[in-house]
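Q: The following file, input_38.txt, comprises compact mmCIF, C-alpha atoms:
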```
# COMPACT_ATOMS: atom_id res chain seq x y z
CA MET A 1 22.75 24.93 18.41
CA ASN A 2 25.75 26.45 20.14
CA ASN A 3 28.91 25.68 18.15
CA ARG A 4 30.98 25.85 21.35
CA PHE A 5 29.26 22.66 22.52
CA PHE A 6 30.43 20.80 19.41
CA GLU A 7 33.90 22.27 19.69
CA ALA A 8 34.11 20.92 23.24
CA LEU A 9 32.99 17.49 22.05
CA ARG A 10 35.61 17.53 19.31
CA GLY A 11 38.22 18.12 22.00
CA TYR A 12 37.17 14.96 23.83
CA PHE A 13 36.51 12.92 20.67
CA PRO A 14 38.96 14.14 18.01
CA ASP A 15 38.30 11.17 15.72
CA TRP A 16 34.55 11.75 15.57
CA TYR A 17 32.94 13.72 12.79
CA LEU A 18 30.57 16.24 14.39
CA PRO A 19 28.93 18.59 11.89
CA ASP A 20 27.73 22.04 12.84
CA VAL A 21 23.99 22.00 13.55
CA TYR A 22 21.93 25.19 13.39
CA TRP A 23 18.29 25.85 14.29
CA THR A 24 17.43 25.97 10.59
CA ASP A 25 18.65 22.39 10.26
CA ILE A 26 16.27 21.27 13.01
CA VAL A 27 13.35 23.07 11.33
CA GLU A 28 14.29 21.45 8.03
CA ILE A 29 14.33 17.97 9.60
CA VAL A 30 10.88 18.55 11.14
CA ILE A 31 9.46 19.73 7.80
CA VAL A 32 10.90 16.77 5.89
CA ALA A 33 9.64 14.32 8.54
CA PHE A 34 6.16 15.89 8.35
CA LEU A 35 6.10 15.66 4.56
CA ILE A 36 7.23 12.03 4.59
CA TYR A 37 4.56 11.18 7.16
CA GLN A 38 1.84 12.91 5.13
CA LEU A 39 3.05 11.09 2.00
CA MET A 40 2.84 7.73 3.77
CA VAL A 41 -0.68 8.47 5.06
CA TRP A 42 -1.73 9.58 1.56
CA PHE A 43 -0.43 6.36 -0.01
CA LYS A 44 -2.12 4.25 2.65
CA ASN A 45 -5.56 5.83 2.23
CA THR A 46 -5.73 5.78 -1.58
CA LYS A 47 -5.58 3.21 -4.34
CA ALA A 48 -2.09 4.58 -5.04
CA TRP A 49 -0.88 2.07 -2.46
CA MET A 50 -1.48 -0.80 -4.88
CA LEU A 51 0.37 1.07 -7.61
CA LEU A 52 3.22 1.78 -5.22
CA LYS A 53 3.55 -1.93 -4.44
CA GLY A 54 3.82 -2.60 -8.16
CA ILE A 55 6.62 -0.03 -8.41
CA LEU A 56 8.41 -1.65 -5.44
CA VAL A 57 8.20 -5.06 -7.14
CA LEU A 58 9.72 -3.53 -10.27
CA ALA A 59 12.48 -1.95 -8.17
CA VAL A 60 13.29 -5.30 -6.56
CA PHE A 61 13.45 -6.88 -10.01
CA ILE A 62 15.94 -4.22 -11.17
CA LEU A 63 17.99 -4.72 -7.98
CA VAL A 64 18.23 -8.46 -8.68
CA ALA A 65 19.27 -7.66 -12.26
CA ALA A 66 22.01 -5.37 -10.92
CA ILE A 67 23.29 -8.05 -8.52
CA LEU A 68 23.36 -10.67 -11.28
CA ARG A 69 24.79 -8.14 -13.75
CA MET A 70 22.05 -8.50 -16.35
CA ASN A 71 23.34 -5.69 -18.51
CA THR A 72 20.50 -5.67 -21.04
CA ILE A 73 17.82 -5.24 -18.36
CA LEU A 74 19.90 -2.54 -16.63
CA TRP A 75 20.33 -0.68 -19.93
CA ILE A 76 16.55 -0.76 -20.51
CA ALA A 77 15.94 0.44 -16.93
CA ARG A 78 18.41 3.34 -17.24
CA ASN A 79 16.89 4.53 -20.50
CA SER A 80 13.33 4.19 -19.22
CA VAL A 81 13.67 6.36 -16.10
CA SER A 82 12.41 9.57 -17.72
CA ILE A 83 9.51 7.76 -19.41
CA LEU A 84 8.53 6.03 -16.15
CA ALA A 85 8.60 9.37 -14.29
CA ILE A 86 6.14 10.89 -16.78
CA ALA A 87 4.00 7.74 -16.66
CA ALA A 88 3.87 7.90 -12.86
CA ILE A 89 2.58 11.47 -12.99
CA VAL A 90 -0.13 10.44 -15.45
CA VAL A 91 -1.12 7.35 -13.44
CA PHE A 92 -1.14 9.15 -10.09
CA GLN A 93 -2.84 12.30 -11.45
CA PRO A 94 -6.15 11.85 -9.54
CA GLU A 95 -4.34 11.06 -6.29
CA LEU A 96 -1.88 13.95 -6.69
CA ARG A 97 -4.74 16.34 -7.34
CA ARG A 98 -6.64 15.12 -4.28
CA ALA A 99 -3.47 15.38 -2.15
CA LEU A 100 -3.00 19.03 -3.14
CA GLU A 101 -6.67 19.71 -2.43
CA LYS A 102 -6.27 18.14 1.02
CA LEU A 103 -3.22 20.30 1.64
CA GLY A 104 -5.32 23.35 0.80
CA GLU A 105 -7.95 22.22 3.30
CA LYS A 106 -5.48 22.29 6.21
CA ARG A 107 -6.23 24.88 8.88
CA PHE A 108 -2.69 25.78 9.94
CA LEU A 109 -2.33 28.50 7.29
CA THR A 110 -5.62 30.20 8.11
CA ALA A 111 -4.75 29.99 11.79
CA ILE A 112 -1.69 32.15 11.13
CA VAL A 113 -3.16 34.37 8.42
CA PRO A 114 -6.92 34.92 8.84
CA LEU A 115 -7.76 34.75 5.13
CA ASP A 116 -11.47 34.24 5.84
CA LYS A 117 -11.74 37.13 8.24
CA GLY A 118 -14.88 39.10 7.70
CA LYS A 119 -16.72 36.26 6.01
CA GLU A 120 -19.68 34.48 7.52
CA ASN A 121 -18.88 31.41 9.58
CA GLU A 122 -21.89 29.47 8.32
CA ARG A 123 -21.93 27.84 4.90
CA PHE A 124 -25.70 27.51 5.00
CA SER A 125 -28.54 28.18 7.41
CA SER A 126 -30.50 25.81 9.63
CA ARG A 127 -33.48 26.39 7.36
CA THR A 128 -31.51 24.91 4.46
CA ILE A 129 -30.64 21.87 6.59
CA ASP A 130 -34.27 21.28 7.50
CA SER A 131 -35.34 21.69 3.88
CA ILE A 132 -32.81 19.12 2.64
CA VAL A 133 -33.70 16.59 5.36
CA ASP A 134 -37.46 16.99 4.86
CA ALA A 135 -37.18 16.72 1.07
CA CYS A 136 -34.93 13.64 1.12
CA PHE A 137 -37.20 11.60 3.38
CA ALA A 138 -40.35 12.85 1.65
CA MET A 139 -38.88 11.60 -1.65
CA GLY A 140 -37.78 8.39 0.05
CA LYS A 141 -41.36 7.62 1.11
CA VAL A 142 -42.58 7.72 -2.49
CA LYS A 143 -39.34 6.19 -3.86
CA THR A 144 -38.26 9.19 -5.89
CA GLY A 145 -34.56 8.98 -6.72
CA ALA A 146 -32.39 11.99 -5.87
CA LEU A 147 -28.73 13.01 -5.79
CA ILE A 148 -27.78 16.13 -3.81
CA VAL A 149 -24.21 17.46 -3.53
CA VAL A 150 -23.58 19.89 -0.66
CA GLU A 151 -20.42 21.86 -1.44
CA GLN A 152 -17.82 22.66 1.21
CA ALA A 153 -14.36 24.22 0.83
CA ILE A 154 -13.55 22.77 -2.61
CA ARG A 155 -15.41 24.59 -5.38
CA LEU A 156 -17.25 22.25 -7.72
CA THR A 157 -17.27 24.59 -10.71
CA GLU A 158 -16.18 21.93 -13.20
CA TYR A 159 -19.10 19.69 -12.23
CA GLU A 160 -21.48 22.63 -11.98
CA SER A 161 -20.78 23.47 -15.61
CA THR A 162 -21.99 20.02 -16.75
CA GLY A 163 -25.54 20.80 -15.64
CA ILE A 164 -28.16 23.51 -16.04
CA TYR A 165 -27.63 26.77 -14.15
CA LEU A 166 -30.40 27.50 -11.62
CA ASP A 167 -29.37 29.80 -8.75
CA CYS A 168 -32.44 29.44 -6.52
CA ILE A 169 -33.05 29.26 -2.77
CA VAL A 170 -33.02 25.78 -1.24
CA SER A 171 -36.45 24.63 -0.11
CA SER A 172 -38.05 21.23 0.30
CA GLN A 173 -40.69 22.06 -2.32
CA VAL A 174 -38.09 23.02 -4.92
CA LEU A 175 -36.00 19.91 -4.24
CA ILE A 176 -39.01 17.61 -4.54
CA ASN A 177 -40.13 19.32 -7.74
CA ILE A 178 -36.65 19.03 -9.32
CA PHE A 179 -36.42 15.27 -8.80
CA GLU A 180 -40.06 14.51 -9.66
CA HIS A 181 -40.36 11.83 -12.34
CA ASN A 182 -40.64 12.95 -15.96
CA THR A 183 -39.48 16.52 -15.24
CA PRO A 184 -36.64 18.09 -17.28
CA LEU A 185 -34.30 18.41 -14.28
CA HIS A 186 -34.85 15.11 -12.47
CA ASP A 187 -31.94 13.26 -14.09
CA GLY A 188 -28.47 13.81 -12.62
CA ALA A 189 -27.36 15.63 -9.48
CA ILE A 190 -27.90 19.09 -8.05
CA ILE A 191 -25.15 21.14 -6.42
CA VAL A 192 -25.95 23.18 -3.31
CA ARG A 193 -23.64 26.08 -2.50
CA GLY A 194 -24.54 27.92 0.65
CA ASN A 195 -28.30 28.43 0.74
CA ARG A 196 -28.75 28.16 -3.01
CA ILE A 197 -29.07 25.46 -5.63
CA VAL A 198 -26.55 26.54 -8.26
CA SER A 199 -26.97 23.80 -10.86
CA ALA A 200 -29.07 20.73 -11.71
CA THR A 201 -28.70 17.66 -13.97
CA CYS A 202 -24.96 17.62 -13.19
CA TYR A 203 -22.76 14.66 -14.12
CA LEU A 204 -20.65 13.24 -11.30
CA PRO A 205 -17.60 10.94 -11.50
CA LEU A 206 -18.34 7.28 -10.77
CA SER A 207 -16.32 5.50 -8.11
CA ASP A 208 -14.04 2.72 -9.34
CA ASN A 209 -13.81 1.17 -5.86
CA MET A 210 -14.02 -2.59 -6.42
CA GLU A 211 -15.21 -3.19 -2.85
CA ILE A 212 -18.57 -1.49 -3.44
CA SER A 213 -21.57 -3.79 -3.30
CA LYS A 214 -22.62 -4.91 -6.77
CA GLU A 215 -26.20 -4.18 -5.76
CA LEU A 216 -25.57 -0.45 -5.71
CA GLY A 217 -26.60 1.42 -8.83
CA THR A 218 -25.15 4.35 -10.74
CA ARG A 219 -26.64 6.93 -8.37
CA HIS A 220 -24.80 5.57 -5.33
CA ARG A 221 -21.57 5.03 -7.28
CA ALA A 222 -21.73 8.65 -8.39
CA ALA A 223 -22.32 9.78 -4.81
CA LEU A 224 -19.31 7.80 -3.59
CA GLY A 225 -17.17 8.91 -6.54
CA MET A 226 -17.93 12.57 -5.85
CA SER A 227 -16.99 12.14 -2.19
CA GLU A 228 -13.66 10.60 -3.26
CA VAL A 229 -12.59 13.56 -5.43
CA SER A 230 -13.90 16.38 -3.21
CA ASP A 231 -14.81 17.23 0.37
CA ALA A 232 -18.50 17.54 -0.49
CA LEU A 233 -21.25 15.74 1.39
CA VAL A 234 -23.39 13.81 -1.10
CA ILE A 235 -26.90 12.56 -0.37
CA ALA A 236 -28.46 9.79 -2.46
CA VAL A 237 -32.10 8.69 -2.30
CA SER A 238 -32.70 5.23 -3.72
CA GLU A 239 -35.41 4.91 -6.33
CA GLU A 240 -35.75 1.16 -5.63
CA THR A 241 -35.94 1.13 -1.82
CA GLY A 242 -36.46 4.77 -0.83
CA TYR A 243 -33.47 4.57 1.54
CA VAL A 244 -31.39 7.71 2.11
CA SER A 245 -27.60 7.30 1.99
CA VAL A 246 -24.77 9.73 2.79
CA ALA A 247 -21.32 9.73 1.16
CA GLN A 248 -18.37 11.73 2.45
CA GLY A 249 -14.63 11.25 2.38
CA GLY A 250 -14.91 8.12 0.25
CA GLN A 251 -17.24 6.42 2.74
CA LEU A 252 -20.88 5.55 2.05
CA VAL A 253 -23.36 5.13 4.91
CA ARG A 254 -26.59 3.56 3.68
CA ASN A 255 -30.12 3.76 5.03
CA VAL A 256 -29.59 6.62 7.48
CA THR A 257 -32.16 8.23 9.75
CA PRO A 258 -33.31 11.88 9.56
CA GLU A 259 -31.33 12.55 12.75
CA TYR A 260 -28.14 11.18 11.20
CA LEU A 261 -28.55 13.25 8.04
CA LYS A 262 -29.32 16.40 9.99
CA GLU A 263 -26.29 15.96 12.25
CA SER A 264 -24.07 15.27 9.24
CA LEU A 265 -25.17 18.57 7.70
CA ILE A 266 -24.69 20.42 11.01
CA ARG A 267 -21.10 19.13 11.19
CA ILE A 268 -20.21 20.87 7.91
CA GLN A 269 -22.39 23.93 8.49
CA THR A 270 -19.60 26.06 9.96
CA LYS A 271 -16.44 26.96 8.07
CA ASN A 272 -13.92 27.38 10.88
CA THR A 273 -15.03 24.88 13.53
CA GLU A 274 -13.58 21.38 13.53
CA LYS A 275 -15.22 18.80 15.75
CA LYS A 276 -13.94 15.34 16.49
CA ILE A 277 -17.07 13.27 16.00
CA ALA A 278 -16.95 9.54 15.30
CA ARG A 279 -19.07 8.03 12.60
CA LEU A 280 -22.67 8.02 13.62
CA TRP A 281 -23.35 4.37 12.96
CA LYS A 282 -25.94 4.51 15.72
CA GLY A 283 -28.00 6.71 13.39
CA ARG A 284 -28.48 3.89 10.93
CA ARG A 285 -31.77 2.05 11.08
CA LYS A 286 -31.58 -1.20 12.92
CA HIS A 287 -33.45 -2.99 10.16
CA GLU A 288 -30.99 -1.94 7.44
CA ARG A 289 -30.87 -4.49 4.67
CA GLU A 290 -27.97 -5.59 2.56
CA THR A 291 -29.65 -4.39 -0.62
CA ASP A 292 -30.24 -0.77 -1.44
```
Using C-alpha cells, write down the structure that the file contains.
A:
Amino acid sequence: MNNRFFEALRGYFPDWYLPDVYWTDIVEIVIVAFLIYQLMVWFKNTKAWMLLKGILVLAVFILVAAILRMNTILWIARNSVSILAIAAIVVFQPELRRALEKLGEKRFLTAIVPLDKGKENERFSSRTIDSIVDACFAMGKVKTGALIVVEQAIRLTEYESTGIYLDCIVSSQVLINIFEHNTPLHDGAIIVRGNRIVSATCYLPLSDNMEISKELGTRHRAALGMSEVSDALVIAVSEETGYVSVAQGGQLVRNVTPEYLKESLIRIQTKNTEKKIARLWKGRRKHERETD
C-alpha cells in the first residue's frame, strides 16, 4: 500500500501504531489464511480430528497445571515437547501423506504451468469402460468375487509390487478369467492403469473405519481402505450376494447399477476435466438390502 496514506493517518492519530503494509504482506496473509483453511478441512475430514481433540484435552490439562502452579507436571511437559512432536509425526503419518498427495492433485499448478501438455487427455478408452462394466455384472450374476482398482493420478506402484506382473489389455474375458474360482490369480486385487491390467493378486490396505457395517467382508474393507489412501476408484463384486459396489474418496456405495458404474468410470476417464457431479444415489437399486 501507499506509505503516504499511513503517514497522513499518523498525522491525525499520532498515538496510534500504524505499521507499514506492502503488497507482499497482503499476499502473505492470503497464503497463510488458505493454508489454515486447508488444514482445518483436512482435520475435519480425517480421523486425525479425534487425535487432535485428544491433544487439545492434554493442552487444557497443562494450562490448568500452569494456573495452579503444579511445577512437577509443568517440568514433565517442558521436557516432553520434543518427544511429543516426534510422536505426533508418527501418529499422523498416514494423514500427512494423504494431505501431501491431495496437494499434488490440485489443478492450480498445472493451470499455470501445463506440465501435462502433449499427453493424452483420456486415462482409458470407452472400450475399457464397457469391458469393466460387462465383466463386473457378469461375475455378479454367478457370484464370483472380484476386486478391481482403477488408477488415477496417484501411482499405485507400491501396491502393484505386491502382486504378479501382467501387463495385458483390459477385456471382459480376461477379467472374468482372472477372478474365476480356483485359478492362480483369482485371490487379491488387480490394478488397471490406462487400458492395461498391470498387476494381479495385489494386497490392499484394509480400512480401519469403525463405522463400516460389520456384515462387510475383507474384500469390501480392502476396497474402502484403498480409496482412503489414494484417489483410485475401486470396484468390489460380492461373492455372497453378487452385488457390485464402488469405493472412492473413502466412501462406499453398495449394490450399484451398470449405469452408475459406467458413469463413475466416465467421470474419471479424462485427466484435465473436473465436473461437479453429486453422488449418484439414484443409480443404486431400489431393492438394495442392508447385507452385502
Q: For the interface of range 196-240 of chain A with range 155-176 of chain A (cut-off 9 Å, counting all atoms listed in the file), please tabulate each contacting residue of range 196-240 of chain A alongside its nearest pair of atoms and their separation in Å to one decimal, rows sorted by chain and increasing number, as a tab-separated table.
A:
```
residue	atom	partner	partner_atom	distance
A:Arg196	CA	A:Ile169	CA	4.4
A:Ile197	CA	A:Cys168	CA	5.3
A:Val198	CA	A:Asp167	CA	4.3
A:Ser199	CA	A:Tyr165	CA	4.5
A:Ala200	CA	A:Ile164	CA	5.2
A:Thr201	CA	A:Gly163	CA	4.8
A:Cys202	CA	A:Gly163	CA	4.1
A:Tyr203	CA	A:Thr162	CA	6.0
A:Leu204	CA	A:Tyr159	CA	6.7
A:Pro205	CA	A:Tyr159	CA	8.9
A:Ser230	CA	A:Leu156	CA	8.1
A:Ala232	CA	A:Leu156	CA	8.7
```
Q: Do you have the CA of Leu224 in chain A-CA of Phe34 in chain A distance handy?
A: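 Rounded to one decimal, the two atoms are 29.3 Å apart.
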Q: How many Å separate CA of Ser245 in chain A from CA of Met139 in chain A?
A: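 CA of Ser245 in chain A sits 12.6 Å away from CA of Met139 in chain A.
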Q: Give me range 193-212 of chain A with N, CA, C and O atoms filled in, as a PDB file, in the coordinates of the input.
A:
```
ATOM      1  N   ARG A 193     -24.730  25.226  -3.007  1.00  0.00           N
ATOM      2  CA  ARG A 193     -23.640  26.080  -2.500  1.00  0.00           C
ATOM      3  C   ARG A 193     -24.259  27.128  -1.592  1.00  0.00           C
ATOM      4  O   ARG A 193     -25.035  27.973  -2.031  1.00  0.00           O
ATOM      5  N   GLY A 194     -23.923  27.018  -0.312  1.00  0.00           N
ATOM      6  CA  GLY A 194     -24.540  27.920   0.650  1.00  0.00           C
ATOM      7  C   GLY A 194     -26.019  27.594   0.786  1.00  0.00           C
ATOM      8  O   GLY A 194     -26.411  26.456   0.996  1.00  0.00           O
ATOM      9  N   ASN A 195     -26.853  28.616   0.644  1.00  0.00           N
ATOM     10  CA  ASN A 195     -28.300  28.430   0.740  1.00  0.00           C
ATOM     11  C   ASN A 195     -28.978  28.370  -0.619  1.00  0.00           C
ATOM     12  O   ASN A 195     -30.196  28.533  -0.705  1.00  0.00           O
ATOM     13  N   ARG A 196     -28.194  28.122  -1.670  1.00  0.00           N
ATOM     14  CA  ARG A 196     -28.750  28.160  -3.010  1.00  0.00           C
ATOM     15  C   ARG A 196     -28.406  26.901  -3.808  1.00  0.00           C
ATOM     16  O   ARG A 196     -27.337  26.313  -3.624  1.00  0.00           O
ATOM     17  N   ILE A 197     -29.325  26.522  -4.658  1.00  0.00           N
ATOM     18  CA  ILE A 197     -29.070  25.460  -5.630  1.00  0.00           C
ATOM     19  C   ILE A 197     -28.482  26.130  -6.862  1.00  0.00           C
ATOM     20  O   ILE A 197     -29.140  26.953  -7.502  1.00  0.00           O
ATOM     21  N   VAL A 198     -27.237  25.825  -7.179  1.00  0.00           N
ATOM     22  CA  VAL A 198     -26.550  26.540  -8.260  1.00  0.00           C
ATOM     23  C   VAL A 198     -26.696  25.842  -9.600  1.00  0.00           C
ATOM     24  O   VAL A 198     -26.608  26.484 -10.651  1.00  0.00           O
ATOM     25  N   SER A 199     -26.903  24.512  -9.594  1.00  0.00           N
ATOM     26  CA  SER A 199     -26.970  23.800 -10.860  1.00  0.00           C
ATOM     27  C   SER A 199     -27.696  22.471 -10.670  1.00  0.00           C
ATOM     28  O   SER A 199     -27.684  21.892  -9.580  1.00  0.00           O
ATOM     29  N   ALA A 200     -28.355  22.017 -11.737  1.00  0.00           N
ATOM     30  CA  ALA A 200     -29.070  20.730 -11.710  1.00  0.00           C
ATOM     31  C   ALA A 200     -28.669  19.901 -12.928  1.00  0.00           C
ATOM     32  O   ALA A 200     -28.035  20.406 -13.856  1.00  0.00           O
ATOM     33  N   THR A 201     -29.046  18.644 -12.931  1.00  0.00           N
ATOM     34  CA  THR A 201     -28.700  17.660 -13.970  1.00  0.00           C
ATOM     35  C   THR A 201     -27.185  17.565 -14.177  1.00  0.00           C
ATOM     36  O   THR A 201     -26.711  17.428 -15.306  1.00  0.00           O
ATOM     37  N   CYS A 202     -26.421  17.655 -13.099  1.00  0.00           N
ATOM     38  CA  CYS A 202     -24.960  17.620 -13.190  1.00  0.00           C
ATOM     39  C   CYS A 202     -24.472  16.167 -13.272  1.00  0.00           C
ATOM     40  O   CYS A 202     -25.047  15.264 -12.668  1.00  0.00           O
ATOM     41  N   TYR A 203     -23.398  15.964 -14.011  1.00  0.00           N
ATOM     42  CA  TYR A 203     -22.760  14.660 -14.120  1.00  0.00           C
ATOM     43  C   TYR A 203     -21.649  14.561 -13.080  1.00  0.00           C
ATOM     44  O   TYR A 203     -20.806  15.453 -12.981  1.00  0.00           O
ATOM     45  N   LEU A 204     -21.645  13.459 -12.336  1.00  0.00           N
ATOM     46  CA  LEU A 204     -20.650  13.240 -11.300  1.00  0.00           C
ATOM     47  C   LEU A 204     -19.749  12.068 -11.678  1.00  0.00           C
ATOM     48  O   LEU A 204     -20.175  11.161 -12.391  1.00  0.00           O
ATOM     49  N   PRO A 205     -18.506  12.067 -11.195  1.00  0.00           N
ATOM     50  CA  PRO A 205     -17.600  10.940 -11.500  1.00  0.00           C
ATOM     51  C   PRO A 205     -18.019   9.689 -10.740  1.00  0.00           C
ATOM     52  O   PRO A 205     -18.381   9.745  -9.560  1.00  0.00           O
ATOM     53  N   LEU A 206     -17.992   8.550 -11.407  1.00  0.00           N
ATOM     54  CA  LEU A 206     -18.340   7.280 -10.770  1.00  0.00           C
ATOM     55  C   LEU A 206     -17.138   6.710 -10.031  1.00  0.00           C
ATOM     56  O   LEU A 206     -16.004   6.799 -10.501  1.00  0.00           O
ATOM     57  N   SER A 207     -17.392   6.127  -8.883  1.00  0.00           N
ATOM     58  CA  SER A 207     -16.320   5.500  -8.110  1.00  0.00           C
ATOM     59  C   SER A 207     -15.877   4.210  -8.791  1.00  0.00           C
ATOM     60  O   SER A 207     -16.696   3.445  -9.301  1.00  0.00           O
ATOM     61  N   ASP A 208     -14.565   3.971  -8.797  1.00  0.00           N
ATOM     62  CA  ASP A 208     -14.040   2.720  -9.340  1.00  0.00           C
ATOM     63  C   ASP A 208     -13.577   1.785  -8.216  1.00  0.00           C
ATOM     64  O   ASP A 208     -12.769   0.882  -8.427  1.00  0.00           O
ATOM     65  N   ASN A 209     -14.115   2.023  -7.010  1.00  0.00           N
ATOM     66  CA  ASN A 209     -13.810   1.170  -5.860  1.00  0.00           C
ATOM     67  C   ASN A 209     -14.410  -0.215  -6.080  1.00  0.00           C
ATOM     68  O   ASN A 209     -15.626  -0.366  -6.194  1.00  0.00           O
ATOM     69  N   MET A 210     -13.561  -1.233  -6.135  1.00  0.00           N
ATOM     70  CA  MET A 210     -14.020  -2.590  -6.420  1.00  0.00           C
ATOM     71  C   MET A 210     -14.702  -3.241  -5.231  1.00  0.00           C
ATOM     72  O   MET A 210     -15.301  -4.306  -5.359  1.00  0.00           O
ATOM     73  N   GLU A 211     -14.617  -2.607  -4.047  1.00  0.00           N
ATOM     74  CA  GLU A 211     -15.210  -3.190  -2.850  1.00  0.00           C
ATOM     75  C   GLU A 211     -16.666  -2.777  -2.666  1.00  0.00           C
ATOM     76  O   GLU A 211     -17.327  -3.219  -1.725  1.00  0.00           O
ATOM     77  N   ILE A 212     -17.182  -1.916  -3.546  1.00  0.00           N
ATOM     78  CA  ILE A 212     -18.570  -1.490  -3.440  1.00  0.00           C
ATOM     79  C   ILE A 212     -19.485  -2.659  -3.767  1.00  0.00           C
ATOM     80  O   ILE A 212     -19.201  -3.455  -4.660  1.00  0.00           O
TER      81      ILE A 212
END
```
